[in-house]
>>> print(open('start25.txt').read())   # compact mmCIF, C-alpha atoms
# COMPACT_ATOMS: atom_id res chain seq x y z
CA MET A 7 35.61 25.80 11.51
CA PRO A 8 32.20 24.23 10.62
CA ASP A 9 32.24 21.28 8.18
CA GLY A 10 28.99 22.19 6.41
CA PRO A 11 25.99 24.45 6.78
CA THR A 12 25.23 25.59 10.33
CA ALA A 13 22.20 24.46 12.33
CA SER A 14 20.23 27.61 11.54
CA GLU A 15 21.09 27.38 7.83
CA ARG A 16 19.99 23.74 7.75
CA PHE A 17 16.76 24.63 9.57
CA LEU A 18 15.84 27.52 7.28
CA ASN A 19 16.86 25.71 4.09
CA GLY A 20 14.44 22.88 4.83
CA ILE A 21 11.42 25.13 5.07
CA LEU A 22 11.50 26.93 1.72
CA PRO A 23 14.82 27.22 -0.17
CA GLU A 24 15.27 23.42 -0.21
CA ASN A 25 11.65 22.47 0.48
CA PRO A 26 11.49 18.69 0.07
CA VAL A 27 8.33 18.79 -2.06
CA TYR A 28 8.38 22.09 -3.93
CA ARG A 29 12.14 22.31 -4.55
CA GLN A 30 13.36 18.70 -4.43
CA LEU A 31 10.23 16.76 -5.48
CA LEU A 32 10.78 14.15 -2.78
CA GLY A 33 8.10 12.09 -1.03
CA MET A 34 5.62 12.42 -3.90
CA CYS A 35 3.72 9.25 -2.94
CA PRO A 36 2.23 10.56 0.35
CA VAL A 37 1.96 14.06 -1.13
CA LEU A 38 -0.43 12.76 -3.75
CA ALA A 39 -2.11 10.03 -1.74
CA VAL A 40 -3.07 11.51 1.62
CA THR A 41 -3.86 15.15 0.81
CA ALA A 42 -7.56 14.80 -0.01
CA ALA A 43 -8.25 16.23 3.46
CA MET A 44 -6.31 18.09 6.13
CA LEU A 45 -6.45 15.54 8.97
CA PRO A 46 -4.76 12.66 7.10
CA ALA A 47 -2.22 15.12 5.70
CA LEU A 48 -1.37 16.43 9.18
CA THR A 49 -1.13 12.90 10.60
CA MET A 50 1.20 11.85 7.78
CA ALA A 51 3.30 14.99 8.32
CA ALA A 52 3.57 14.23 12.06
CA ALA A 53 4.50 10.58 11.47
CA THR A 54 7.13 11.57 8.89
CA ALA A 55 8.53 14.23 11.25
CA PHE A 56 8.82 11.67 14.06
CA VAL A 57 10.68 9.22 11.83
CA LEU A 58 12.90 11.89 10.27
CA ILE A 59 13.94 13.49 13.57
CA SER A 60 14.52 10.13 15.30
CA ALA A 61 16.51 8.70 12.38
CA ASN A 62 18.63 11.85 12.05
CA VAL A 63 19.46 11.80 15.78
CA ILE A 64 20.48 8.12 15.80
CA ILE A 65 22.50 8.34 12.59
CA SER A 66 24.28 11.48 13.78
CA LEU A 67 25.12 9.81 17.11
CA ILE A 68 26.71 6.80 15.41
CA ARG A 69 28.19 8.66 12.43
CA GLY A 70 31.77 8.01 13.60
CA GLN A 71 31.20 4.23 13.48
CA LEU A 72 29.46 4.05 10.09
CA ARG A 73 31.24 1.97 7.44
CA PRO A 74 30.72 3.53 4.01
CA HIS A 75 29.54 0.32 2.34
CA LEU A 76 27.11 -0.51 5.18
CA ARG A 77 25.70 2.96 5.75
CA ILE A 78 22.58 2.54 3.57
CA LEU A 79 21.78 -0.69 5.42
CA VAL A 80 22.06 1.11 8.76
CA PHE A 81 19.91 4.01 7.52
CA THR A 82 17.20 1.64 6.28
CA LEU A 83 17.25 -0.42 9.47
CA THR A 84 16.89 2.72 11.59
CA ILE A 85 14.15 4.25 9.45
CA ALA A 86 12.19 0.98 9.31
CA THR A 87 12.29 0.69 13.11
CA PHE A 88 10.86 4.16 13.69
CA VAL A 89 8.26 3.71 10.95
CA THR A 90 7.06 0.51 12.64
CA ILE A 91 6.82 2.34 15.97
CA ALA A 92 4.80 5.15 14.31
CA ASP A 93 2.55 2.58 12.60
CA ARG A 94 1.85 0.68 15.84
CA PHE A 95 1.27 3.93 17.73
CA LEU A 96 -1.30 5.09 15.16
CA ALA A 97 -3.03 1.69 15.23
CA ALA A 98 -3.26 1.91 19.03
CA TYR A 99 -4.21 5.56 19.59
CA LEU A 100 -5.58 6.81 16.24
CA TYR A 101 -7.13 3.63 14.91
CA GLU A 102 -9.56 5.25 12.47
CA MET A 103 -6.83 7.46 11.04
CA SER A 104 -4.48 4.50 10.74
CA LYS A 105 -7.15 2.77 8.62
CA VAL A 106 -7.56 5.90 6.48
CA LEU A 107 -3.81 6.12 5.88
CA GLY A 108 -3.60 2.36 5.25
CA PRO A 109 -0.34 1.31 3.60
CA TYR A 110 1.01 4.86 3.37
CA VAL A 111 2.37 4.79 6.92
CA PRO A 112 4.59 1.71 6.28
CA LEU A 113 5.54 3.34 2.98
CA ILE A 114 7.29 6.15 4.90
CA ILE A 115 10.21 3.69 4.92
CA VAL A 116 10.76 4.38 1.23
CA ASN A 117 10.28 8.15 1.47
CA CYS A 118 13.50 9.45 -0.11
CA LEU A 119 13.33 12.58 2.01
CA ILE A 120 14.34 10.65 5.13
CA ILE A 121 17.18 8.58 3.71
CA SER A 122 18.52 11.63 1.84
CA ARG A 123 18.72 13.66 5.07
CA CYS A 124 20.54 10.77 6.78
CA GLU A 125 23.00 10.70 3.89
CA ILE A 126 23.43 14.44 3.30
CA CYS A 127 23.37 15.76 6.85
CA ALA A 128 23.04 13.33 9.76
CA SER A 129 25.90 11.03 8.74
CA LYS A 130 28.26 13.99 8.45
CA GLN A 131 27.24 16.57 11.05
CA THR A 132 26.61 16.94 14.77
CA VAL A 133 23.38 15.96 16.52
CA ARG A 134 22.44 19.64 16.94
CA VAL A 135 22.72 20.30 13.21
CA ALA A 136 20.99 17.00 12.37
CA VAL A 137 18.03 17.87 14.61
CA ALA A 138 17.78 21.39 13.14
CA ASP A 139 17.90 19.87 9.64
CA ALA A 140 15.22 17.29 10.46
CA VAL A 141 12.93 19.87 12.06
CA GLY A 142 13.36 22.28 9.12
CA MET A 143 12.72 19.55 6.55
CA SER A 144 9.71 18.30 8.54
CA LEU A 145 8.26 21.80 8.61
CA GLY A 146 8.88 22.12 4.86
CA PHE A 147 7.18 18.77 4.22
CA THR A 148 4.27 19.74 6.49
CA LEU A 149 3.91 23.07 4.70
CA ALA A 150 3.69 21.28 1.35
CA LEU A 151 1.17 18.67 2.55
CA VAL A 152 -0.96 21.30 4.28
CA SER A 153 -0.98 23.65 1.28
CA ILE A 154 -2.07 20.89 -1.11
CA ALA A 155 -4.61 19.46 1.35
CA THR A 156 -6.07 22.91 1.97
CA VAL A 157 -6.79 23.48 -1.72
CA ARG A 158 -8.16 19.97 -2.19
CA GLU A 159 -10.35 19.86 0.90
CA VAL A 160 -11.75 23.38 0.50
CA LEU A 161 -12.60 22.98 -3.19
CA GLY A 162 -13.46 19.28 -3.01
CA SER A 163 -15.53 19.20 0.17
CA GLY A 164 -16.15 22.85 1.09
CA THR A 165 -14.49 22.24 4.46
CA TRP A 166 -11.13 22.79 6.13
CA LEU A 167 -10.11 20.46 8.96
CA GLY A 168 -13.68 19.19 8.81
CA LEU A 169 -15.18 22.65 9.44
CA ARG A 170 -17.39 24.17 6.73
CA VAL A 171 -15.71 27.19 5.15
CA LEU A 172 -17.66 27.48 1.90
CA PRO A 173 -21.45 27.95 1.75
CA GLU A 174 -23.66 24.86 1.63
CA ALA A 175 -24.55 25.85 -1.93
CA TRP A 176 -20.93 25.25 -3.00
CA PRO A 177 -20.92 22.44 -5.59
CA ASN A 178 -18.08 20.27 -4.29
CA TRP A 179 -15.50 19.68 -7.00
CA GLY A 180 -15.38 15.91 -6.83
CA ILE A 181 -12.20 15.75 -8.90
CA MET A 182 -10.30 17.48 -6.10
CA VAL A 183 -10.68 14.56 -3.69
CA LEU A 184 -9.82 12.05 -6.41
CA PRO A 185 -6.26 11.21 -7.58
CA PRO A 186 -6.40 13.54 -10.65
CA GLY A 187 -7.12 16.44 -8.28
CA ALA A 188 -3.90 15.68 -6.41
CA PHE A 189 -1.85 15.88 -9.63
CA LEU A 190 -3.61 19.07 -10.75
CA VAL A 191 -3.12 20.88 -7.43
CA LEU A 192 0.48 19.71 -7.07
CA GLY A 193 1.28 20.87 -10.62
CA LEU A 194 -0.34 24.28 -10.13
CA LEU A 195 1.29 24.87 -6.74
CA LEU A 196 4.69 23.74 -8.08
CA ALA A 197 4.30 26.20 -10.97
CA GLY A 198 3.28 28.93 -8.51
CA VAL A 199 6.29 28.32 -6.26
CA GLU A 200 8.62 28.22 -9.29
CA TRP A 201 7.16 31.46 -10.66
CA TRP A 202 7.54 33.11 -7.25
CA GLY A 203 11.17 31.93 -7.04
CA GLN A 204 11.98 33.28 -10.50
CA TRP A 205 10.26 36.59 -9.74
CA ARG A 206 12.33 36.96 -6.57
CA ALA A 207 15.53 36.06 -8.42
CA GLU A 208 14.78 38.61 -11.14
CA ARG A 209 14.05 41.30 -8.57
CA ALA A 210 17.29 40.50 -6.76
CA ALA A 211 19.22 40.60 -10.07
CA LEU A 212 17.66 43.98 -10.93
CA ALA A 213 18.56 45.35 -7.50
CA VAL A 214 22.17 44.13 -7.86
CA ALA A 215 22.38 45.65 -11.35
CA SER A 216 21.09 49.03 -10.19
CA VAL A 217 23.50 49.07 -7.22
CA SER A 218 26.46 48.19 -9.44
CA ARG A 219 25.41 50.90 -11.97
CA SER A 220 25.24 53.51 -9.24
CA LEU A 221 28.63 52.35 -7.89
CA GLN A 222 30.09 52.54 -11.38
CA GLY A 223 28.64 56.04 -11.77
CA GLN A 224 30.25 57.15 -8.52
CA SER A 225 33.64 55.64 -9.35
CA GLY A 226 33.47 57.08 -12.91
CA GLY A 227 32.80 60.58 -11.51
CA ALA A 228 35.69 60.26 -9.09
CA ALA A 229 38.01 59.14 -11.90
CA ARG A 230 36.97 62.10 -14.08
CA GLU A 231 37.62 64.53 -11.21
CA GLU A 232 41.04 62.95 -10.64
CA GLU A 233 41.88 63.26 -14.36
CA ALA A 234 40.79 66.92 -14.42
CA SER A 235 42.90 67.79 -11.40
CA SER A 236 45.95 66.08 -12.94
CA TRP A 237 45.50 68.19 -16.14
CA LYS A 238 45.32 71.35 -14.04
CA ALA A 239 48.53 70.39 -12.31
CA MET B 18 42.41 -20.51 10.95
CA THR B 19 41.36 -18.88 7.73
CA ASN B 20 37.71 -19.30 8.62
CA SER B 21 38.09 -17.80 12.07
CA ARG B 22 39.98 -14.87 10.56
CA LYS B 23 37.20 -14.43 8.02
CA ILE B 24 34.54 -14.46 10.75
CA ARG B 25 36.54 -11.95 12.78
CA GLY B 26 36.74 -9.76 9.67
CA TYR B 27 32.99 -9.97 9.13
CA LEU B 28 32.31 -9.09 12.77
CA GLN B 29 34.67 -6.11 12.57
CA GLN B 30 32.75 -4.92 9.54
CA ALA B 31 29.23 -5.65 10.72
CA TRP B 32 29.28 -5.29 14.51
CA LEU B 33 27.31 -2.04 14.34
CA VAL B 34 24.61 -3.54 12.13
CA LEU B 35 24.31 -6.56 14.44
CA LEU B 36 24.18 -4.36 17.54
CA LEU B 37 21.57 -2.06 16.02
CA ALA B 38 19.48 -4.99 14.78
CA GLY B 39 19.43 -6.43 18.32
CA ALA B 40 18.61 -3.08 19.93
CA TYR B 41 15.89 -2.22 17.40
CA GLY B 42 14.42 -5.72 17.66
CA GLY B 43 14.21 -5.38 21.44
CA ALA B 44 12.66 -1.92 21.17
CA LEU B 45 10.05 -3.13 18.68
CA ALA B 46 9.20 -6.13 20.86
CA GLY B 47 8.65 -3.74 23.77
CA VAL B 48 6.44 -1.46 21.67
CA GLN B 49 4.43 -4.41 20.39
CA MET B 50 3.94 -5.87 23.88
CA THR B 51 2.81 -2.49 25.20
CA LEU B 52 0.45 -1.56 22.37
CA ALA B 53 -0.89 -4.97 21.26
CA PRO B 54 -3.76 -5.12 23.81
CA ARG B 55 -4.95 -1.67 22.81
CA ILE B 56 -4.77 -2.49 19.09
CA ALA B 57 -6.66 -5.76 19.70
CA GLU B 58 -9.35 -3.83 21.59
CA ASN B 59 -9.67 -1.37 18.66
CA ARG B 60 -10.12 -4.26 16.26
CA ARG B 61 -12.69 -5.88 18.53
CA ARG B 62 -14.65 -2.64 18.69
CA GLU B 63 -14.61 -2.36 14.91
CA THR B 64 -15.76 -5.98 14.61
CA TYR B 65 -18.76 -5.34 16.88
CA GLN B 66 -19.65 -2.18 14.95
CA THR B 67 -19.58 -4.14 11.68
CA ILE B 68 -21.69 -7.10 12.81
CA PRO B 69 -25.09 -5.58 11.86
CA GLN B 70 -23.78 -5.12 8.27
CA LEU B 71 -22.55 -8.71 8.10
CA VAL B 72 -25.63 -10.45 9.46
CA PRO B 73 -28.84 -8.57 8.64
CA GLY B 74 -30.95 -7.97 11.74
CA ALA B 75 -28.11 -8.77 14.16
CA ASP B 76 -28.00 -6.74 17.34
CA ARG B 77 -24.42 -6.06 18.32
CA GLU B 78 -25.33 -5.76 22.00
CA ARG B 79 -26.57 -9.35 21.94
CA THR B 80 -23.61 -10.75 20.05
CA VAL B 81 -21.65 -13.38 21.95
CA GLU B 82 -17.95 -13.98 21.44
CA LEU B 83 -17.02 -17.66 21.61
CA TRP B 84 -13.97 -19.83 21.23
CA ILE B 85 -14.68 -23.00 19.26
CA SER B 86 -12.25 -25.76 18.26
CA ASP B 87 -11.76 -25.71 14.48
CA ARG B 88 -11.45 -28.78 12.24
CA GLU B 89 -7.85 -29.35 13.38
CA GLY B 90 -8.72 -28.86 17.03
CA ASN B 91 -7.19 -25.38 17.32
CA PRO B 92 -9.17 -22.76 19.21
CA ALA B 93 -10.76 -20.14 16.95
CA ARG B 94 -12.73 -17.01 17.78
CA VAL B 95 -16.27 -16.75 16.38
CA TYR B 96 -19.17 -14.41 17.03
CA ARG B 97 -22.67 -15.79 17.48
CA THR B 98 -25.19 -13.12 16.57
CA HIS B 99 -28.77 -12.64 17.79
CA ASP B 100 -31.57 -10.31 16.78
CA ALA B 101 -33.16 -7.75 19.08
CA GLU B 102 -35.48 -10.43 20.54
CA GLY B 103 -32.54 -12.67 21.33
CA ARG B 104 -33.11 -15.21 18.53
CA HIS B 105 -29.91 -16.66 17.08
CA ASN B 106 -29.66 -15.37 13.50
CA GLY B 107 -26.10 -15.84 12.31
CA TRP B 108 -22.38 -16.21 12.76
CA VAL B 109 -19.40 -13.98 12.11
CA LEU B 110 -16.03 -15.64 11.47
CA PRO B 111 -12.78 -13.65 11.63
CA ALA B 112 -10.30 -15.00 9.08
CA SER B 113 -7.01 -13.99 7.57
CA GLY B 114 -4.59 -15.17 4.93
CA PRO B 115 -1.97 -13.98 2.46
CA GLY B 116 -2.98 -11.36 -0.08
CA PHE B 117 -0.86 -9.70 -2.76
CA ALA B 118 1.21 -7.47 -0.48
CA ASP B 119 0.50 -8.66 3.06
CA ASP B 120 -2.04 -10.64 5.05
CA ILE B 121 -5.68 -9.72 4.50
CA GLY B 122 -7.96 -9.85 7.56
CA LEU B 123 -11.66 -10.50 6.92
CA LEU B 124 -14.91 -10.85 8.79
CA ILE B 125 -17.29 -13.34 7.19
CA GLY B 126 -21.03 -13.28 7.93
CA LEU B 127 -23.06 -16.50 7.75
CA ASP B 128 -26.72 -17.24 8.44
CA ALA B 129 -27.72 -19.23 11.53
CA SER B 130 -27.91 -22.54 9.66
CA LEU B 131 -24.47 -21.96 8.06
CA LYS B 132 -25.90 -22.42 4.58
CA LYS B 133 -25.46 -18.96 3.13
CA LEU B 134 -22.95 -16.11 3.17
CA THR B 135 -24.63 -12.96 4.40
CA GLY B 136 -21.73 -10.54 4.15
CA MET B 137 -18.00 -9.88 4.07
CA TYR B 138 -15.94 -7.06 5.54
CA VAL B 139 -12.24 -6.26 5.16
CA LEU B 140 -10.78 -5.62 8.57
CA ASP B 141 -7.12 -5.39 7.54
CA GLN B 142 -5.38 -5.01 4.23
CA ARG B 143 -2.27 -3.49 2.73
CA GLU B 144 -3.01 -4.24 -0.90
CA THR B 145 -1.83 -1.99 -3.74
CA PRO B 146 -3.45 1.44 -3.43
CA GLY B 147 -5.78 2.14 -6.32
CA LEU B 148 -5.98 -1.53 -7.35
CA GLY B 149 -6.07 -4.25 -4.71
CA ASP B 150 -7.36 -1.98 -1.96
CA TYR B 151 -10.71 -1.86 -3.78
CA ILE B 152 -11.48 -5.17 -2.05
CA ARG B 153 -12.84 -2.88 0.69
CA ASP B 154 -15.42 -1.36 -1.64
CA ALA B 155 -19.07 -2.18 -1.06
CA ASP B 156 -19.60 -3.19 -4.72
CA PHE B 157 -16.92 -5.87 -4.52
CA ARG B 158 -18.02 -7.09 -1.09
CA ARG B 159 -21.68 -7.26 -2.11
CA GLN B 160 -20.82 -9.95 -4.67
CA PHE B 161 -20.29 -12.45 -1.85
CA GLN B 162 -23.75 -12.08 -0.34
CA GLY B 163 -26.13 -14.96 -0.88
CA HIS B 164 -23.58 -17.55 -2.02
CA ALA B 165 -23.89 -21.07 -0.61
CA ALA B 166 -21.53 -21.75 2.27
CA ASP B 167 -21.04 -25.44 1.51
CA THR B 168 -19.43 -24.89 -1.93
CA PRO B 169 -16.20 -22.94 -2.53
CA ILE B 170 -16.48 -19.54 -4.18
CA GLU B 171 -14.43 -18.96 -7.29
CA ALA B 172 -13.05 -15.72 -8.75
CA VAL B 173 -13.51 -15.26 -12.51
CA LYS B 174 -12.65 -12.43 -14.91
CA SER B 175 -16.15 -12.10 -16.41
CA ASP B 176 -19.60 -13.72 -16.74
CA PRO B 177 -19.93 -15.02 -13.19
CA GLN B 178 -22.07 -18.11 -12.74
CA GLU B 179 -23.29 -19.61 -9.48
CA GLN B 180 -20.66 -19.52 -6.70
CA GLN B 181 -18.48 -17.15 -8.72
CA ILE B 182 -17.49 -13.52 -8.29
CA VAL B 183 -15.85 -11.12 -10.75
CA VAL B 184 -12.26 -10.16 -9.91
CA LEU B 185 -11.26 -6.52 -9.60
CA SER B 186 -9.58 -5.25 -12.74
CA GLY B 187 -5.81 -5.20 -12.16
CA ALA B 188 -6.15 -6.95 -8.82
CA THR B 189 -6.72 -10.61 -9.68
CA VAL B 190 -4.43 -11.83 -6.90
CA SER B 191 -6.13 -9.73 -4.21
CA SER B 192 -9.61 -10.79 -5.38
CA SER B 193 -8.67 -14.47 -5.56
CA SER B 194 -7.00 -14.21 -2.14
CA VAL B 195 -10.25 -12.99 -0.62
CA CYS B 196 -12.08 -15.99 -2.11
CA ARG B 197 -9.41 -18.37 -0.85
CA ILE B 198 -9.49 -16.91 2.68
CA ILE B 199 -13.29 -17.20 2.80
CA ASN B 200 -13.30 -20.76 1.45
CA THR B 201 -10.60 -21.86 3.89
CA ALA B 202 -12.26 -20.25 6.89
CA ILE B 203 -15.65 -21.78 6.12
CA ALA B 204 -14.14 -25.21 5.45
CA ARG B 205 -12.26 -24.95 8.76
CA MET B 206 -15.17 -23.78 10.90
CA ARG B 207 -18.44 -24.96 9.31
CA GLY B 208 -18.30 -28.56 10.59
CA PRO B 209 -17.38 -27.68 14.20
CA LEU B 210 -20.04 -24.94 14.29
CA LEU B 211 -22.71 -27.32 13.00
CA GLN B 212 -21.65 -29.90 15.57
CA SER B 213 -21.73 -27.37 18.38
CA GLN B 214 -25.18 -26.22 17.22
CA ALA B 215 -26.45 -29.79 17.12
CA ALA B 216 -25.03 -30.44 20.59
CA ALA B 217 -26.64 -27.26 21.90
CA SER B 218 -30.05 -28.13 20.46
CA ALA B 219 -29.72 -31.68 21.81
CA ALA B 220 -29.06 -30.21 25.22
CA GLY B 221 -32.38 -28.40 25.10
CA GLY B 222 -31.64 -25.58 22.74
CA ASP B 223 -29.33 -23.92 25.17
CA ALA B 224 -27.18 -21.56 23.11
CA ARG B 225 -24.14 -21.76 25.34
CA GLU B 226 -21.13 -23.33 23.67
CA GLN B 227 -18.37 -24.98 25.50
CA GLU B 228 -15.70 -22.41 26.05
CA LEU B 229 -12.14 -23.53 25.58
>>> encode(input="start25.txt", output="structure tokens")
Amino acid sequence: MPDGPTASERFLNGILPENPVYRQLLGMCPVLAVTAAMLPALTMAAATAFVLISANVIISLIRGQLRPHLRILVFTLTIATFVTIADRFLAAYLYEMSKVLGPYVPLIIVNCLIISRCEICASKQTVRVAVADAVGMSLGFTLALVSIATVREVLGSGTWLGLRVLPEAWPNWGIMVLPPGAFLVLGLLLAGVEWWGQWRAERAALAVASVSRSLQGQSGGAAREEEASSWKA
Amino acid sequence: MTNSRKIRGYLQQAWLVLLLAGAYGGALAGVQMTLAPRIAENRRRETYQTIPQLVPGADRERTVELWISDREGNPARVYRTHDAEGRHNGWVLPASGPGFADDIGLLIGLDASLKKLTGMYVLDQRETPGLGDYIRDADFRRQFQGHAADTPIEAVKSDPQEQQIVVLSGATVSSSSVCRIINTAIARMRGPLLQSQAAASAAGGDAREQEL
């Protein structure tokens, strides 16, 4: 008997139904700060995924030994360690990118997405489920960063991943690479995702209603036939 | 007895935290030892790329890295710059000190006679995004050019006079920290550099400093 969602449920939930950015509004700081272009957004997504997966694995492994009043301390200690490793790795192998990301890599420590997954899933479920959860959430976070960065880089610079995708004549929308552009794009995409979710829910409700009507029709017909036959008898 | 029981109680509660802290500390020390040389090399490369901006006319291929004893006798790294013809035209001093959030690392450019600041570059900073991190901007850095090196630079909110720069709005601490780091570094290194220059010219103008 499983004591929570299964690994596949955790994995799928993280991508869209419980997307950390579009559904839970977590990790807003990097979402707004590093999405002016695709490369910093992808690097941030990779660093966050590394920290999230590593922290979930460790916390799940030691979940039997966690004391309730010390668990947040253990989560923070674990997350801070992996963030420092990611920060040093970037400074060693992706030096220019580490300068572009600046303080936002150390700030992964305070990304609520990671500590919330440790609390909600890793401290309660098996390593397999914790890894599936971390990978799903990482993909969801990456999807959000990439979608925002795509809009901002294409409209703001006419490029995508540094490659020109709009004609040279395109007047780059400067606001898109500035902080107000991040808020505008995030707001519009959030509204779009919300509208899409409501539209799907309405369609599902309509489908359920039509099925129940047709079932009612069938059962009503059967009841009338039964009544008629009893009168005949 | 009571104390030992208390300590035993604490250890029973916190053994996992202590164990993890030790393990994570060891892991981080290993990561740092492995990656530190590579990070230092990246910083060195960036320093060399920046030298022509810090000392006008400097040729980075002809820049010489030296270790000079500072005012307190501690070894300090400096860069002696030369132009394309090999004439000594300036100095670059790496310096660091506390900022608002973390240490700020700077490169300070000085002319050959150590009388004037020729440039400033922010090598490392973790100041507040959108406020303190503007210390990297060219407009802020340009304010330091041309100031005398023998008088401390002061940060003011408006109407800068001689030896004064205007602080960044909302980032007074970061701006003042940059001034303090520059003043300290120059005070620490100017005397020893002048002495080493005088010794070199006395020895026939040979530009080789004593390496520590």
>>> residues_near_point(input="start25.txt", point="(25.9, 5.1, 16.4)", cutoff="10 Å", atoms="all atoms listed in the file", output="number ranges by chain")
A: 63-72, 80, 129; B: 33-34, 36-37
>>> closest_residue(input="start25.txt", among="A:Ile78, A:Ala150, A:Ala155, A:Ala39", to="Gly147 of chain B", atoms="only C-alpha atoms")
A:Ala39
>>> interface_residues(input="start25.txt", of="chain B", to="chain A", cutoff="9 Å", atoms="all atoms listed in the file", output="short mmCIF file (atom, residue, chain, number, x, y, z; two decimals) with C-alpha atoms, keeping the file's coordinate frame")
data_model
loop_
_atom_site.label_atom_id
_atom_site.label_comp_id
_atom_site.auth_asym_id
_atom_site.auth_seq_id
_atom_site.Cartn_x
_atom_site.Cartn_y
_atom_site.Cartn_z
CA GLN B 30 32.75 -4.92 9.54
CA ALA B 31 29.23 -5.65 10.72
CA LEU B 33 27.31 -2.04 14.34
CA VAL B 34 24.61 -3.54 12.13
CA LEU B 37 21.57 -2.06 16.02
CA ALA B 38 19.48 -4.99 14.78
CA TYR B 41 15.89 -2.22 17.40
CA GLY B 42 14.42 -5.72 17.66
CA ALA B 44 12.66 -1.92 21.17
CA LEU B 45 10.05 -3.13 18.68
CA VAL B 48 6.44 -1.46 21.67
CA GLN B 49 4.43 -4.41 20.39
CA LEU B 52 0.45 -1.56 22.37
CA ALA B 53 -0.89 -4.97 21.26
CA PRO B 54 -3.76 -5.12 23.81
CA ARG B 55 -4.95 -1.67 22.81
CA ILE B 56 -4.77 -2.49 19.09
CA ALA B 57 -6.66 -5.76 19.70
CA GLU B 58 -9.35 -3.83 21.59
CA ASN B 59 -9.67 -1.37 18.66
CA ARG B 60 -10.12 -4.26 16.26
CA ASP B 141 -7.12 -5.39 7.54
CA GLN B 142 -5.38 -5.01 4.23
CA ARG B 143 -2.27 -3.49 2.73
CA GLU B 144 -3.01 -4.24 -0.90
CA THR B 145 -1.83 -1.99 -3.74
CA PRO B 146 -3.45 1.44 -3.43
#
>>> atom_distance(input="start25.txt", atom1="atom CA of Ala197 of chain A", atom2="atom CA of Leu48 of chain A")
23.1 Å
>>> closest_residue(input="start25.txt", among="A:Trp176, A:Tyr28, A:Phe81, A:Phe56", to="Ala128 of chain A", atoms="only C-alpha atoms")
A:Phe81
>>> residues_around(input="start25.txt", residues="segment 151-165 of chain B", least_positions_apart="2", cutoff="10 Å", atoms="only C-alpha atoms", output="PDB file with C-alpha atoms, in the frame of the given file")
ATOM      1  CA  LEU B  71     -22.550  -8.710   8.100  1.00  0.00           C
ATOM      2  CA  ILE B 121      -5.680  -9.720   4.500  1.00  0.00           C
ATOM      3  CA  LEU B 123     -11.660 -10.500   6.920  1.00  0.00           C
ATOM      4  CA  ILE B 125     -17.290 -13.340   7.190  1.00  0.00           C
ATOM      5  CA  GLY B 126     -21.030 -13.280   7.930  1.00  0.00           C
ATOM      6  CA  LEU B 127     -23.060 -16.500   7.750  1.00  0.00           C
ATOM      7  CA  ASP B 128     -26.720 -17.240   8.440  1.00  0.00           C
ATOM      8  CA  LEU B 131     -24.470 -21.960   8.060  1.00  0.00           C
ATOM      9  CA  LYS B 132     -25.900 -22.420   4.580  1.00  0.00           C
ATOM     10  CA  LYS B 133     -25.460 -18.960   3.130  1.00  0.00           C
ATOM     11  CA  LEU B 134     -22.950 -16.110   3.170  1.00  0.00           C
ATOM     12  CA  THR B 135     -24.630 -12.960   4.400  1.00  0.00           C
ATOM     13  CA  GLY B 136     -21.730 -10.540   4.150  1.00  0.00           C
ATOM     14  CA  MET B 137     -18.000  -9.880   4.070  1.00  0.00           C
ATOM     15  CA  TYR B 138     -15.940  -7.060   5.540  1.00  0.00           C
ATOM     16  CA  VAL B 139     -12.240  -6.260   5.160  1.00  0.00           C
ATOM     17  CA  LEU B 140     -10.780  -5.620   8.570  1.00  0.00           C
ATOM     18  CA  ASP B 141      -7.120  -5.390   7.540  1.00  0.00           C
ATOM     19  CA  GLN B 142      -5.380  -5.010   4.230  1.00  0.00           C
ATOM     20  CA  GLU B 144      -3.010  -4.240  -0.900  1.00  0.00           C
ATOM     21  CA  THR B 145      -1.830  -1.990  -3.740  1.00  0.00           C
ATOM     22  CA  PRO B 146      -3.450   1.440  -3.430  1.00  0.00           C
ATOM     23  CA  GLY B 147      -5.780   2.140  -6.320  1.00  0.00           C
ATOM     24  CA  LEU B 148      -5.980  -1.530  -7.350  1.00  0.00           C
ATOM     25  CA  GLY B 149      -6.070  -4.250  -4.710  1.00  0.00           C
ATOM     26  CA  ASP B 167     -21.040 -25.440   1.510  1.00  0.00           C
ATOM     27  CA  THR B 168     -19.430 -24.890  -1.930  1.00  0.00           C
ATOM     28  CA  PRO B 169     -16.200 -22.940  -2.530  1.00  0.00           C
ATOM     29  CA  ILE B 170     -16.480 -19.540  -4.180  1.00  0.00           C
ATOM     30  CA  PRO B 177     -19.930 -15.020 -13.190  1.00  0.00           C
ATOM     31  CA  GLU B 179     -23.290 -19.610  -9.480  1.00  0.00           C
ATOM     32  CA  GLN B 180     -20.660 -19.520  -6.700  1.00  0.00           C
ATOM     33  CA  GLN B 181     -18.480 -17.150  -8.720  1.00  0.00           C
ATOM     34  CA  ILE B 182     -17.490 -13.520  -8.290  1.00  0.00           C
ATOM     35  CA  VAL B 183     -15.850 -11.120 -10.750  1.00  0.00           C
ATOM     36  CA  VAL B 184     -12.260 -10.160  -9.910  1.00  0.00           C
ATOM     37  CA  LEU B 185     -11.260  -6.520  -9.600  1.00  0.00           C
ATOM     38  CA  SER B 186      -9.580  -5.250 -12.740  1.00  0.00           C
ATOM     39  CA  ALA B 188      -6.150  -6.950  -8.820  1.00  0.00           C
ATOM     40  CA  SER B 191      -6.130  -9.730  -4.210  1.00  0.00           C
ATOM     41  CA  SER B 192      -9.610 -10.790  -5.380  1.00  0.00           C
ATOM     42  CA  VAL B 195     -10.250 -12.990  -0.620  1.00  0.00           C
ATOM     43  CA  CYS B 196     -12.080 -15.990  -2.110  1.00  0.00           C
ATOM     44  CA  ILE B 199     -13.290 -17.200   2.800  1.00  0.00           C
TER      45      ILE B 199
END
